[in-house]
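Chemist: Can you keep this structure in mind? I'll have questions shortly.
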There are 2 protein chains.
Amino acid sequence: MSDKTFDHKECGSCPIRHRAVCARCEADELEELDSIKYYRSYEAGQPIIWSGDRMDFVASVVTGVASLSQAMEDGRTQMVGLLLPSDFLGRPGREFAPYDVVAVSNLTLCCFRRKPFEQMMLHTPHVSQRLLEMTLDELDAAREWMLILGRKTAREKIASLLAIIARREASLELTMAGDGMSFELPLTRESMADYLGLTLETVSRQISALKREGVITLEGKRKVIIPDYDRLQIETGDDTDGGLI
Amino acid sequence: MSDKTFDHKECGSCPIRHRAVCARCEADELEELDSIKYYRSYEAGQPIIWSGDRMDFVASVVTGVASLSQAMEDGRTQMVGLLLPSDFLGRPGREFAPYDVVAVSNLTLCCFRRKPFEQMMLHTPHVSQRLLEMTLDELDAAREWMLILGRKTAREKIASLLAIIARREASLELTMAGDGMSFELPLTRESMADYLGLTLETVSRQISALKREGVITLEGKRKVIIPDYDRLQIETGDDTDGGLI
DNA sequence: CCGGTGCCTTGACCCAGATCAAGAATTGCG
DNA sequence: CGCAATTCTTGATCTGGGTCAAGGCACCGG
């Protein structure tokens, strides 16, 4: 999404300082992390890791979006994770990657060498506590996603995805005016299909339908405007309470 | 599955002592846990918690099977977690349950009062380290499940579920002879359908088809015999490597 | 200016799995 | 023992979304 390079490579000015795995670290702990960290950038569409590759690092997403996905031999693909800024990539103690990781947009990672990071986890509860919290959140997200995959119709799936992205945008940037929030879709039709367990044709048809019926408005192919969030929420099939945040 | 009551209520003789959240605890830590724990039993089919209920405890499954599921207002239901012995129920720091929890078979929980458990986590890294490990494993399982829900055919879904259960049985009890493993299905056709995002009719038909073709054998409706695990594995659509454990 | 390449849309047709419906098998209880 | 109540199986039919195919649109490099 944002192409602006992140060049202030010290934690103090890091945009994800207070949400990432290092959120709870004190100055001395940050210093220790600093000594094992390095940055890497990827362009939109580039692969980061293939399933089965050795992984000698773990990382935080600083800017951009990455996807985790699983592929079957015959080519069927299911996205199983979407990593946004501050999300964590990799698993301490794991040597080989179980998923394909791809940069969906231009991406910057803050990487930590795995071995020293694992060492640090043993004596730095602030890191492992925060990682536990983040992992529990991801598990909740995965479970919400399972309901979408297993039981929702194509239309509900699309509406759910748009609502999820809209909510995240709203919680980060404050693009949200009382009426009408809008955002740039970070995903292609094909990635949305992989996310939702659909084909790209079905994604396209359902987006057209939602547009035709005025649930959303498009500006170009990627910019989405939600004139009435509650209306969209109804289309997701979820409880109507809204449940903000 | 097993109805035998668990009556030796001290950790030393606990059947899940070395796999549960307390696996890494020392004697003194066990003692602390002991002071905040109590057992509860449920009969097969009984609800344990409804989504939205206040939860004043977290727990380990000692014996039996429980399910986590999400329901939509119109009745569609998706199972999002299956808790087996040693699995952990609840989330430290969370006051209200986000899922319905049901005892699938007769069930015994080792419950910990939530507040003191949270306190303990702050100064007992052994507990939080183990919980992190378990949560990461659950996240991996959820992601494997997402591939099943999003991209597999009904037949592949059934084969995958049977393979998952067979593998777990094999890793616990050693019912596995070189040729032919067998187990009692802990789930009804309807629960399997909720697990896999299918209808119970489709589950029944696909099980019949696998039986007709000799991939599995049934003894009654619940006892399943797998004469050739590799054959079953092929039907799952996954890589043929097998990947034991 | 033109052809190429991604990405997206739309139409026509088809099929896996849902839905509707009717029993069969098993269990439990008065 | 008979008669519910569950749970499961099987058949007939319908349909949402997949598949196949044909363009449209925007951007790029030559």
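The chains in the structure tokens are called A, B, ... from first to last as shown; in each chain the residues are counted from 1, and the ligands are counted from 1 in the order shown.
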Please report as a PyMOL selection string which residues of chain B come no farther than 9 Å from chain C, using only C-alpha atoms (C1' of nucleotides).

Modeler: chain B and resi 153-154+198-199+202

Chemist: Put those residues in a file: N, CA and C atoms, as a short mmCIF file (atom, residue, chain, number, x, y, z; two decimals), in the first residue's frame.

Modeler:
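Below is the file out.cif, written as the result:
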```
data_model
loop_
_atom_site.label_atom_id
_atom_site.label_comp_id
_atom_site.auth_asym_id
_atom_site.auth_seq_id
_atom_site.Cartn_x
_atom_site.Cartn_y
_atom_site.Cartn_z
N THR B 153 -12.53 -31.30 -1.67
CA THR B 153 -13.83 -31.86 -2.01
C THR B 153 -14.38 -32.61 -0.79
N ALA B 154 -15.67 -32.96 -0.85
CA ALA B 154 -16.30 -33.66 0.27
C ALA B 154 -15.53 -34.93 0.60
N LEU B 198 -19.87 -29.34 5.84
CA LEU B 198 -20.71 -30.13 4.95
C LEU B 198 -22.07 -30.31 5.60
N THR B 199 -22.98 -31.02 4.91
CA THR B 199 -24.22 -31.45 5.55
C THR B 199 -24.02 -32.89 6.03
N THR B 202 -24.21 -35.52 3.22
CA THR B 202 -22.99 -35.67 2.42
C THR B 202 -21.94 -36.48 3.18
#
```

Chemist: Identify, on the basis of only C-alpha atoms (C1' of nucleotides), every residue whose closest approach to DC8 in chain D does not exceed 8 Å; exclude the query and any residue fewer than 2 positions from it along the same chain; express the result as a ChimeraX atom specification.

Modeler: /B:189,204,221 /C:25

Chemist: Would you kindly report the residues of chain B within 12 Å of chain D, using only C-alpha atoms (C1' of nucleotides), as a list in words?

Modeler: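 The contacting residues on chain B are Arg151, Leu187, Thr188, Arg189, Glu190, Ser191, Leu200, Glu201, Thr202, Val203, Ser204, Arg205, Gln206, Ile207, Ser208, Ala209, Gly220, Lys221 and Arg222 of chain B.
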
Chemist: Just want the 10 Å neighbourhood of Leu89 in chain A, counted on only C-alpha atoms (C1' of nucleotides), with same-chain residues fewer than 4 positions away dropped. Output as an NGL selection string.

Modeler: :A and (57-61 or 66 or 68 or 83 or 101 or 109-111)

Chemist: Please write the residues from the selection above to a file, keeping N, CA and C atoms, as a PDB file, in the first residue's frame.

Modeler:
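Heads up, here's the output in again.pdb:
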```
ATOM      1  N   PHE A  57      15.397 -16.985  10.332  1.00  0.00           N
ATOM      2  CA  PHE A  57      14.992 -15.758  11.014  1.00  0.00           C
ATOM      3  C   PHE A  57      13.504 -15.804  11.356  1.00  0.00           C
ATOM      4  N   VAL A  58      13.105 -14.926  12.226  1.00  0.00           N
ATOM      5  CA  VAL A  58      11.699 -14.610  12.436  1.00  0.00           C
ATOM      6  C   VAL A  58      11.622 -13.110  12.180  1.00  0.00           C
ATOM      7  N   ALA A  59      10.426 -12.553  12.035  1.00  0.00           N
ATOM      8  CA  ALA A  59      10.376 -11.143  11.640  1.00  0.00           C
ATOM      9  C   ALA A  59       9.061 -10.477  12.028  1.00  0.00           C
ATOM     10  N   SER A  60       9.099  -9.158  12.077  1.00  0.00           N
ATOM     11  CA  SER A  60       7.884  -8.359  12.206  1.00  0.00           C
ATOM     12  C   SER A  60       7.646  -7.644  10.887  1.00  0.00           C
ATOM     13  N   VAL A  61       6.408  -7.566  10.473  1.00  0.00           N
ATOM     14  CA  VAL A  61       6.084  -6.756   9.304  1.00  0.00           C
ATOM     15  C   VAL A  61       6.095  -5.292   9.730  1.00  0.00           C
ATOM     16  N   ALA A  66       1.759  -9.134   3.687  1.00  0.00           N
ATOM     17  CA  ALA A  66       2.263 -10.420   3.188  1.00  0.00           C
ATOM     18  C   ALA A  66       1.190 -11.485   3.400  1.00  0.00           C
ATOM     19  N   LEU A  68       0.332 -15.753   3.877  1.00  0.00           N
ATOM     20  CA  LEU A  68       0.759 -17.135   4.084  1.00  0.00           C
ATOM     21  C   LEU A  68      -0.200 -18.002   3.308  1.00  0.00           C
ATOM     22  N   LEU A  83      -0.648 -11.080   6.771  1.00  0.00           N
ATOM     23  CA  LEU A  83       0.180 -10.375   7.742  1.00  0.00           C
ATOM     24  C   LEU A  83       0.215  -8.889   7.438  1.00  0.00           C
ATOM     25  N   VAL A 101       5.185 -17.895   1.715  1.00  0.00           N
ATOM     26  CA  VAL A 101       4.977 -16.504   2.130  1.00  0.00           C
ATOM     27  C   VAL A 101       5.282 -15.602   0.941  1.00  0.00           C
ATOM     28  N   LEU A 109      10.378  -5.927   6.190  1.00  0.00           N
ATOM     29  CA  LEU A 109      10.402  -6.767   7.379  1.00  0.00           C
ATOM     30  C   LEU A 109      11.522  -6.321   8.297  1.00  0.00           C
ATOM     31  N   CYS A 110      11.259  -6.420   9.586  1.00  0.00           N
ATOM     32  CA  CYS A 110      12.314  -6.276  10.589  1.00  0.00           C
ATOM     33  C   CYS A 110      12.636  -7.697  11.042  1.00  0.00           C
ATOM     34  N   CYS A 111      13.766  -8.219  10.570  1.00  0.00           N
ATOM     35  CA  CYS A 111      14.103  -9.627  10.807  1.00  0.00           C
ATOM     36  C   CYS A 111      15.001  -9.779  12.032  1.00  0.00           C
TER      37      CYS A 111
END
```

Chemist: Tell me as a PyMOL selection string which residues belonging to chain B come within 7 Å of chain A, counting only C-alpha atoms.

Modeler: chain B and resi 70+72-73+76+78+80+132+135-136+139+142-143+146-147+149-151+196-197+238-239

Chemist: For a test of reading the model, state the distance in Å between CA of Ala163 in chain B and CA of Gln233 in chain B, rounded to one decimal.

Modeler: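 If I compute the distance from CA of Ala163 in chain B to CA of Gln233 in chain B, I get 6.8 Å.
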
Chemist: With only C-alpha atoms as the basis for distance, which of A:Glu26, A:Thr236, A:Asp34, A:Leu218 is at the shortest distance from Glu156 in chain A?

Modeler: A:Thr236

Chemist: As number ranges by chain, please: every residue in range 38-195 of chain B that a backbone DSSP assignment puts in strand (DSSP E).

Modeler: B: 38-42, 47-49, 57-63, 66-71, 77-83, 88-89, 100-103, 107-113, 181-184

Chemist: Could you go through range 46-191 of chain A and tell me which residues DSSP, when run on the backbone, assigns to alpha helix (DSSP H), listing them as a PyMOL selection string?

Modeler: chain A and resi 114-123+125-151+154-172+189-191

Chemist: Between CA of Tyr42 in chain A and CA of Arg167 in chain A, what is the distance in Å, rounded to a tenth?

Modeler: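 About the pair CA of Tyr42 in chain A and CA of Arg167 in chain A: they are 25.9 Å apart.
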
Chemist: If I take CA of Ser160 in chain B and CA of Met192 in chain B, how far is one from the other in Å, to one decimal?

Modeler: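 Calculated distance between CA of Ser160 in chain B and CA of Met192 in chain B is 11.3 Å.
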
Chemist: Find the spatial neighbours of Gly214 in chain B, counting only C-alpha atoms (C1' of nucleotides), within a cut-off of 10 Å - ignore same-chain residues fewer than 5 positions away - and output them as a ChimeraX atom specification.

Modeler: /B:208-209,226-228,231-232
